[in-house]
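**Q** mmCIF, C-alpha atoms and all ligand atoms, file protein.cif:
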```cif
data_query
loop_
_atom_site.label_atom_id
_atom_site.label_comp_id
_atom_site.auth_asym_id
_atom_site.auth_seq_id
_atom_site.Cartn_x
_atom_site.Cartn_y
_atom_site.Cartn_z
CA MET A 727 123.42 128.57 102.56
CA SER A 728 119.75 129.57 102.43
CA GLY A 729 119.66 133.14 103.81
CA PRO A 730 118.33 136.10 101.89
CA SER A 731 121.57 136.42 99.90
CA ALA A 732 121.59 132.77 98.78
CA ALA A 733 121.78 132.16 95.02
CA PRO A 734 118.29 131.74 93.51
CA VAL A 735 117.04 128.23 92.75
CA ILE A 736 114.66 126.99 90.09
CA ALA A 737 113.36 123.58 91.22
CA ILE A 738 112.04 121.24 88.55
CA ASP A 739 110.42 118.08 89.90
CA GLY A 740 108.41 115.39 88.21
CA PRO A 741 108.07 111.69 87.43
CA THR A 742 110.52 109.48 85.58
CA ALA A 743 111.12 110.38 81.93
CA SER A 744 109.03 113.54 82.09
CA GLY A 745 111.87 115.36 80.35
CA LYS A 746 113.03 117.11 83.53
CA GLY A 747 116.71 116.60 82.78
CA THR A 748 116.61 118.01 79.26
CA ILE A 749 114.38 120.91 80.29
CA ALA A 750 116.41 121.74 83.40
CA ALA A 751 119.72 121.63 81.52
CA GLY A 752 118.24 123.82 78.76
CA VAL A 753 116.92 126.38 81.23
CA ALA A 754 120.26 126.42 83.09
CA LYS A 755 122.09 127.06 79.83
CA ARG A 756 119.82 129.93 78.81
CA LEU A 757 120.21 131.60 82.22
CA ALA A 758 123.91 130.67 82.60
CA PHE A 759 122.94 129.00 85.91
CA ASN A 760 124.51 125.92 87.49
CA TYR A 761 122.67 122.64 87.01
CA LEU A 762 121.99 119.78 89.44
CA ASP A 763 120.67 116.43 88.19
CA SER A 764 119.82 115.04 91.64
CA GLY A 765 118.67 111.69 90.22
CA SER A 766 122.24 111.07 89.08
CA LEU A 767 123.32 110.96 92.75
CA TYR A 768 120.82 108.21 93.55
CA ARG A 769 121.93 106.43 90.39
CA LEU A 770 125.59 106.72 91.46
CA VAL A 771 124.77 105.14 94.83
CA SER A 772 122.92 102.42 92.92
CA LEU A 773 125.93 101.78 90.67
CA GLU A 774 128.39 101.69 93.58
CA ALA A 775 126.11 99.30 95.46
CA GLN A 776 125.95 97.00 92.44
CA VAL A 777 129.73 97.03 92.03
CA ALA A 778 130.29 96.37 95.74
CA GLY A 779 127.59 93.67 95.89
CA VAL A 780 125.59 95.62 98.49
CA GLU A 781 121.92 94.62 98.85
CA LEU A 782 119.27 97.32 98.31
CA ASP A 783 117.87 96.90 101.82
CA ASP A 784 121.25 97.19 103.56
CA GLU A 785 120.68 100.75 104.75
CA PRO A 786 123.92 101.21 106.76
CA ALA A 787 126.09 100.11 103.82
CA LEU A 788 124.10 102.30 101.39
CA ILE A 789 124.39 105.29 103.73
CA ALA A 790 128.16 104.76 103.83
CA ILE A 791 128.27 104.72 100.01
CA ALA A 792 126.11 107.87 99.76
CA GLY A 793 128.17 109.71 102.38
CA ALA A 794 131.44 108.90 100.64
CA LEU A 795 130.23 109.80 97.14
CA ARG A 796 132.63 112.24 95.45
CA PRO A 797 131.42 112.54 91.85
CA GLU A 798 132.87 115.08 89.43
CA PHE A 799 130.49 116.84 87.06
CA VAL A 800 132.41 118.23 84.08
CA ASP A 801 130.96 119.38 80.73
CA GLY A 802 127.77 117.38 81.14
CA ARG A 803 129.68 114.18 81.98
CA ILE A 804 129.87 112.41 85.36
CA ARG A 805 133.04 110.83 86.66
CA LEU A 806 133.33 108.63 89.72
CA ASP A 807 136.76 107.61 91.02
CA GLY A 808 138.28 108.86 87.78
CA GLN A 809 135.97 106.80 85.56
CA ASP A 810 133.31 108.24 83.22
CA VAL A 811 130.07 106.55 84.34
CA SER A 812 127.62 108.90 82.58
CA ASP A 813 126.16 106.26 80.27
CA GLN A 814 126.31 103.38 82.71
CA ILE A 815 124.12 105.13 85.30
CA ARG A 816 121.39 105.70 82.66
CA GLU A 817 120.69 101.96 82.36
CA GLU A 818 117.14 101.04 83.42
CA GLY A 819 118.36 98.49 85.99
CA ILE A 820 120.45 101.16 87.70
CA GLY A 821 117.47 103.58 87.66
CA ALA A 822 115.07 100.99 89.08
CA ALA A 823 117.52 100.13 91.87
CA ALA A 824 118.03 103.86 92.52
CA SER A 825 114.29 104.22 93.01
CA ARG A 826 114.35 101.35 95.52
CA LEU A 827 117.21 102.68 97.62
CA ALA A 828 115.75 106.21 97.44
CA VAL A 829 112.98 105.10 99.86
CA LEU A 830 115.57 104.82 102.65
CA PRO A 831 115.54 107.95 104.86
CA GLY A 832 119.21 107.58 105.83
CA VAL A 833 120.31 107.48 102.20
CA ARG A 834 118.27 110.60 101.39
CA GLN A 835 119.73 112.38 104.41
CA ALA A 836 123.29 111.44 103.40
CA LEU A 837 122.74 113.14 100.02
CA VAL A 838 121.30 116.44 101.31
CA ASP A 839 124.55 118.38 101.74
CA ILE A 840 126.07 117.34 98.43
CA GLN A 841 122.92 118.61 96.67
CA ARG A 842 122.86 121.94 98.52
CA ARG A 843 126.49 122.58 97.63
CA PHE A 844 125.41 123.07 94.00
CA ARG A 845 123.66 126.28 95.02
CA THR A 846 126.23 128.83 93.94
CA SER A 847 126.13 132.16 92.14
CA PRO A 848 124.56 133.21 89.82
CA GLY A 849 121.87 130.58 90.48
CA LEU A 850 120.90 126.92 90.23
CA VAL A 851 118.44 124.86 88.24
CA ALA A 852 117.87 121.60 90.15
CA ASP A 853 115.87 118.66 88.86
CA GLY A 854 114.53 115.64 90.76
CA ARG A 855 111.59 114.52 92.90
CA ASP A 856 111.95 116.62 96.04
CA MET A 857 113.85 119.73 94.96
CA GLY A 858 110.96 122.10 95.70
CA THR A 859 109.59 120.20 98.71
CA ALA A 860 112.66 119.09 100.69
CA ILE A 861 116.05 120.15 99.36
CA PHE A 862 115.36 123.74 98.27
CA PRO A 863 112.01 124.62 99.89
CA ASP A 864 112.86 128.32 99.44
CA ALA A 865 113.38 127.95 95.66
CA LYS A 866 112.24 131.11 93.88
CA LEU A 867 110.48 129.13 91.18
CA LYS A 868 109.07 125.61 91.51
CA ILE A 869 107.96 123.67 88.48
CA PHE A 870 106.24 120.28 88.52
CA LEU A 871 106.72 118.75 85.09
CA THR A 872 104.48 115.90 83.99
CA ALA A 873 103.55 114.06 80.80
CA ASP A 874 101.29 111.06 80.31
CA VAL A 875 102.90 107.67 80.82
CA GLN A 876 102.63 106.61 77.17
CA SER A 877 104.52 109.61 75.85
CA ARG A 878 107.09 109.31 78.61
CA ALA A 879 107.61 105.65 77.65
CA GLU A 880 108.03 106.67 73.99
CA ARG A 881 110.58 109.35 74.86
CA ARG A 882 112.57 107.04 77.11
CA HIS A 883 112.45 104.31 74.43
CA LYS A 884 113.90 106.72 71.87
CA GLN A 885 116.62 107.82 74.28
CA LEU A 886 117.65 104.24 75.08
CA ILE A 887 117.75 103.19 71.42
CA GLU A 888 119.85 106.25 70.55
CA LYS A 889 122.30 105.24 73.26
CA GLY A 890 122.52 101.73 71.86
CA PHE A 891 120.55 100.00 74.65
CA SER A 892 117.78 97.50 73.86
CA SER A 893 114.26 98.54 74.85
CA ASN A 894 110.56 97.77 74.33
CA ILE A 895 107.73 100.23 74.92
CA THR A 896 105.26 97.92 76.69
CA GLY A 897 107.85 96.82 79.23
CA LEU A 898 108.97 100.42 79.66
CA SER A 899 105.46 101.70 80.41
CA ARG A 900 105.15 99.07 83.12
CA VAL A 901 108.55 99.95 84.59
CA LEU A 902 107.70 103.68 84.56
CA ARG A 903 104.36 103.05 86.29
CA ASP A 904 106.08 100.95 88.99
CA ARG A 905 108.72 103.62 89.48
CA ASP A 906 106.08 106.41 89.66
CA ASN A 907 104.20 104.43 92.30
CA ARG A 908 107.28 103.79 94.40
CA ASP A 909 108.55 107.39 94.13
CA ALA A 910 105.11 108.86 94.92
CA ASN A 911 104.19 106.55 97.78
CA ARG A 912 107.37 106.40 99.84
CA ALA A 913 107.20 107.80 103.37
CA VAL A 914 110.08 110.26 103.09
CA SER A 915 110.13 113.10 100.53
CA PRO A 916 107.69 111.44 98.13
CA LEU A 917 107.31 112.68 94.58
CA ARG A 918 104.63 115.37 94.68
CA ALA A 919 104.16 118.92 93.50
CA ALA A 920 105.05 121.56 96.09
CA GLU A 921 101.99 123.61 97.04
CA ASP A 922 103.53 126.66 95.38
CA ALA A 923 104.66 124.80 92.24
CA ILE A 924 103.53 125.63 88.71
CA VAL A 925 102.41 122.42 87.00
CA ILE A 926 103.42 122.05 83.35
CA ASP A 927 102.07 119.10 81.35
CA SER A 928 104.55 118.56 78.50
CA THR A 929 102.65 115.74 76.76
CA HIS A 930 101.89 117.95 73.77
CA LEU A 931 104.80 120.38 74.08
CA SER A 932 108.18 120.24 72.37
CA ILE A 933 111.36 120.56 74.42
CA GLU A 934 111.79 124.14 73.22
CA GLN A 935 108.18 125.07 74.07
CA THR A 936 108.56 123.61 77.56
CA ILE A 937 111.82 125.49 78.15
CA GLU A 938 110.09 128.70 77.02
CA GLN A 939 107.26 128.13 79.51
CA VAL A 940 109.72 127.74 82.37
CA LEU A 941 111.71 130.79 81.26
CA GLY A 942 108.46 132.76 80.96
CA ALA A 943 107.55 131.86 84.54
CA TRP A 944 111.07 132.81 85.66
CA LYS A 945 111.00 136.15 83.90
CA ALA A 946 107.64 136.94 85.49
CA ILE A 947 109.17 136.34 88.92
CA ALA A 948 112.72 137.58 88.54
CA GLY A 949 112.92 139.74 85.41
CA GLY A 950 116.52 139.52 84.23
CA ALA A 951 118.41 138.40 81.17
CA VAL A 952 117.85 135.19 79.25
CA ARG A 953 120.28 134.11 76.55
CA GLY A 954 118.80 133.82 73.05
O1 LIG B 1001 115.43 111.26 87.85
P1 LIG B 1001 116.02 109.85 87.72
O2 LIG B 1001 115.18 108.89 86.93
O3 LIG B 1001 117.44 109.88 87.25
O4 LIG B 1001 116.06 109.29 89.24
C1 LIG B 1001 116.35 107.95 89.55
C2 LIG B 1001 115.67 107.57 90.87
O5 LIG B 1001 116.27 108.31 91.94
C3 LIG B 1001 114.19 107.90 90.96
O6 LIG B 1001 113.39 106.83 90.50
C4 LIG B 1001 113.97 108.17 92.42
C5 LIG B 1001 115.28 108.67 92.90
N1 LIG B 1001 115.31 110.13 93.09
C6 LIG B 1001 114.79 110.62 94.27
O7 LIG B 1001 114.27 109.85 95.07
N2 LIG B 1001 114.86 111.95 94.54
C7 LIG B 1001 115.42 112.80 93.66
N3 LIG B 1001 115.49 114.10 93.96
C8 LIG B 1001 115.91 112.33 92.42
C9 LIG B 1001 115.83 110.98 92.16
#
```
Rewrite the coordinates I just gave you, this time as structure tokens.
**A**
Amino acid sequence: MSGPSAAPVIAIDGPTASGKGTIAAGVAKRLAFNYLDSGSLYRLVSLEAQVAGVELDDEPALIAIAGALRPEFVDGRIRLDGQDVSDQIREEGIGAAASRLAVLPGVRQALVDIQRRFRTSPGLVADGRDMGTAIFPDAKLKIFLTADVQSRAERRHKQLIEKGFSSNITGLSRVLRDRDNRDANRAVSPLRAAEDAIVIDSTHLSIEQTIEQVLGAWKAIAGGAVRG
């Protein structure tokens, strides 16, 4: 559905650990919109591939996994085949492998419909790399969220430690840089700001300040109610 009556979309794209997920979920909550974490789909393919022993360059097998993916998103948790995999898919190895298989055009294509099905009333906040450029090019508001690599590494480090994973900042910065390069330089749907995107640099902004900036941009476009 993308005609004039389609539910409005706020697309939030940006590099790894830019805070997209937290910001997008916060904005969705304030607007009572649905929320799509598109990176989780690539991570789910990555997890399934690992479990099945599928190599990351085996495009036909990865397309089959992506096409058969039937995740359930309930109360901020993600279940796959009845199992809660929310924490498992956050592991850095799963993310790095997700970035590698995300270069494959067939895998991206196999995930298009599942992403567009999230677009239901009263609206959708979608976060990822290509929400504003490829999946929802008619999004009413497009945000490109960045932060410098050092502060992204610090944020990710904190998140991993809180979840009980081991982590070190120097290694993380390197991993983030590699992932940025791969995501930005792939041939299909590379990470880049849509021409009509508003760029927000969150390096010196708190989560709440960043959410307010997005909501401010939304109000300017759409008017409407925002929960306090
Ligand atoms: O946002 P994330 O770190 O959970 O995403 C994991 C990987 O998935 C990311 O490195 C690239 C890929 N991805 C993508 O190619 N397109 C998206 N819309 C979202 C994620």
**Q** Between CA of Asp810 (chain A) and atom C5 of ligand LIG 1001 (chain B), measure the distance and give it in Å to one decimal.
**A** 20.5 Å
**Q** Around all the atoms of region 765-770 of chain A listed in the file, with 8 Å of room on each side, what axis-aligned box do you get, giving centre and edge lengths in Å to one decimal, as AutoDock Vina command-line options?
**A**
```
--center_x 122.1 --center_y 109.1 --center_z 91.3 --size_x 22.9 --size_y 21.3 --size_z 20.5
```
**Q** Given only C-alpha atoms and all ligand atoms as the basis, pick out the residue of A:Asp904, A:Asp874, A:Asp927, A:Asp922 nearest to ligand LIG 1001 (chain B).
**A**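 Going through A:Asp904, A:Asp874, A:Asp927, A:Asp922 one by one, the smallest distance to ligand LIG 1001 (chain B) is for A:Asp904.
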**Q** Could you tell me which of A:Leu770, A:Val875, A:Ala754, A:Leu782 comes closest to Leu806 (chain A) if we count all atoms listed in the file?
**A**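 So, comparing all the options, the nearest one is A:Leu770.
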**Q** Please provide as number ranges by chain all residues within 12 Å of region 896-900 of chain A, with the sequence filter that same-chain residues fewer than 5 positions apart are discarded (counting all atoms listed in the file).
**A** A: 742-743, 818-819, 822, 874-886, 905-907
**Q** Using all atoms listed in the file, pick whichever of A:Pro741, A:Lys868, A:Leu902, A:Ile933 has the shortest atom-to-atom distance to Ile947 (chain A).
**A** A:Lys868
**Q** List every protein, DNA or RNA residue that has at least one atom no more than 7 Å from (110.7, 113.8, 100.1) in the file's coordinates, counting all atoms listed in the file, and write the result as a list in words.
**A**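 Residues with an atom at most 7 Å from (110.7, 113.8, 100.1): Asp856, Thr859, Ala860, Val914, Ser915, Pro916 and Leu917 of chain A.
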**Q** Which residues are near ligand LIG 1001 (chain B) in this structure, taking near to mean any atom at most 9 Å from a ligand atom and counting all atoms listed in the file? Format them as JSON, numbers by chain.
**A** {"A": [739, 740, 741, 742, 743, 744, 746, 747, 763, 764, 765, 766, 767, 768, 769, 772, 815, 816, 818, 820, 821, 822, 823, 824, 825, 826, 827, 828, 829, 834, 852, 853, 854, 855, 856, 857, 860, 861, 902, 905, 906, 908, 909, 915, 916, 917]}
**Q** Got time to write the residues from that selection, C-alpha atoms, as a tab-separated table (two decimals), in the coordinates of the input?
**A**
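Generated output (out.tsv):
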```tsv
chain	number	residue	atom	x	y	z
A	739	ASP	CA	110.42	118.08	89.90
A	740	GLY	CA	108.41	115.39	88.21
A	741	PRO	CA	108.07	111.69	87.43
A	742	THR	CA	110.52	109.48	85.58
A	743	ALA	CA	111.12	110.38	81.93
A	744	SER	CA	109.03	113.54	82.09
A	746	LYS	CA	113.03	117.11	83.53
A	747	GLY	CA	116.71	116.60	82.78
A	763	ASP	CA	120.67	116.43	88.19
A	764	SER	CA	119.82	115.04	91.64
A	765	GLY	CA	118.67	111.69	90.22
A	766	SER	CA	122.24	111.07	89.08
A	767	LEU	CA	123.32	110.96	92.75
A	768	TYR	CA	120.82	108.21	93.55
A	769	ARG	CA	121.93	106.43	90.39
A	772	SER	CA	122.92	102.42	92.92
A	815	ILE	CA	124.12	105.13	85.30
A	816	ARG	CA	121.39	105.70	82.66
A	818	GLU	CA	117.14	101.04	83.42
A	820	ILE	CA	120.45	101.16	87.70
A	821	GLY	CA	117.47	103.58	87.66
A	822	ALA	CA	115.07	100.99	89.08
A	823	ALA	CA	117.52	100.13	91.87
A	824	ALA	CA	118.03	103.86	92.52
A	825	SER	CA	114.29	104.22	93.01
A	826	ARG	CA	114.35	101.35	95.52
A	827	LEU	CA	117.21	102.68	97.62
A	828	ALA	CA	115.75	106.21	97.44
A	829	VAL	CA	112.98	105.10	99.86
A	834	ARG	CA	118.27	110.60	101.39
A	852	ALA	CA	117.87	121.60	90.15
A	853	ASP	CA	115.87	118.66	88.86
A	854	GLY	CA	114.53	115.64	90.76
A	855	ARG	CA	111.59	114.52	92.90
A	856	ASP	CA	111.95	116.62	96.04
A	857	MET	CA	113.85	119.73	94.96
A	860	ALA	CA	112.66	119.09	100.69
A	861	ILE	CA	116.05	120.15	99.36
A	902	LEU	CA	107.70	103.68	84.56
A	905	ARG	CA	108.72	103.62	89.48
A	906	ASP	CA	106.08	106.41	89.66
A	908	ARG	CA	107.28	103.79	94.40
A	909	ASP	CA	108.55	107.39	94.13
A	915	SER	CA	110.13	113.10	100.53
A	916	PRO	CA	107.69	111.44	98.13
A	917	LEU	CA	107.31	112.68	94.58
```
**Q** Calculate how many Å separate CA of Lys866 (chain A) from CA of Ile840 (chain A), rounding to one decimal.
**A**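 Separation between CA of Lys866 (chain A) and CA of Ile840 (chain A): 20.0 Å.
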**Q** Expressed in Å to a single decimal, how great is the separation between CA of Glu781 (chain A) and CA of Pro831 (chain A)?
**A**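 Straight-line distance from CA of Glu781 (chain A) to CA of Pro831 (chain A) works out to 16.0 Å.
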**Q** List the neighbours of Asn760 (chain A) out to 9 Å using only C-alpha atoms; skip same-chain residues closer than 4 positions along the sequence, and give me the result as an MDAnalysis selection string.
**A** chainID A and resid 751 754:755 844:852
**Q** Show me the residues close to (125.7, 103.4, 99.3) - anything with an atom within 9 Å, counting all atoms listed in the file - and format the list as a PyMOL selection string.
**A** chain A and resi 768+770-775+780+782+784-795+827+833
**Q** I need the residue nearest Val925 (chain A) from this list: A:Ser892, A:Thr872, A:Gln841, A:Gln939. Use all atoms listed in the file for the distance.
**A**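 Going through A:Ser892, A:Thr872, A:Gln841, A:Gln939 one by one, the smallest distance to Val925 (chain A) is for A:Thr872.
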**Q** Under the rule that only C-alpha atoms are counted, which of A:Glu938, A:Gly949, A:Arg803, A:Arg842 is the nearest residue to Arg756 (chain A)?
**A**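 That would be A:Glu938, the residue with the smallest distance to Arg756 (chain A).
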**Q** Restricting the calculation to all atoms listed in the file: of A:Val735, A:Gln814, A:Ala873, A:Ile926, which residue gets closest to Val940 (chain A)?
**A**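 With all atoms listed in the file as the atom set, the closest residue is A:Ile926.
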**Q** Find the spatial neighbours of Ile937 (chain A), counting all atoms listed in the file, within a cut-off of 8 Å - ignore same-chain residues fewer than 4 positions away - and output them as a list of chain:residue names.
**A** A:Ile749, A:Ala750, A:Gly752, A:Val753, A:Ile933, A:Leu941
**Q** Please save C-alpha atoms of the selected residues as a compact mmCIF listing (two decimals), in the coordinates of the input.
**A**
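Below is the file that was written, again_35.txt:
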```txt
# COMPACT_ATOMS: atom_id res chain seq x y z
CA ILE A 749 114.38 120.91 80.29
CA ALA A 750 116.41 121.74 83.40
CA GLY A 752 118.24 123.82 78.76
CA VAL A 753 116.92 126.38 81.23
CA ILE A 933 111.36 120.56 74.42
CA LEU A 941 111.71 130.79 81.26
```
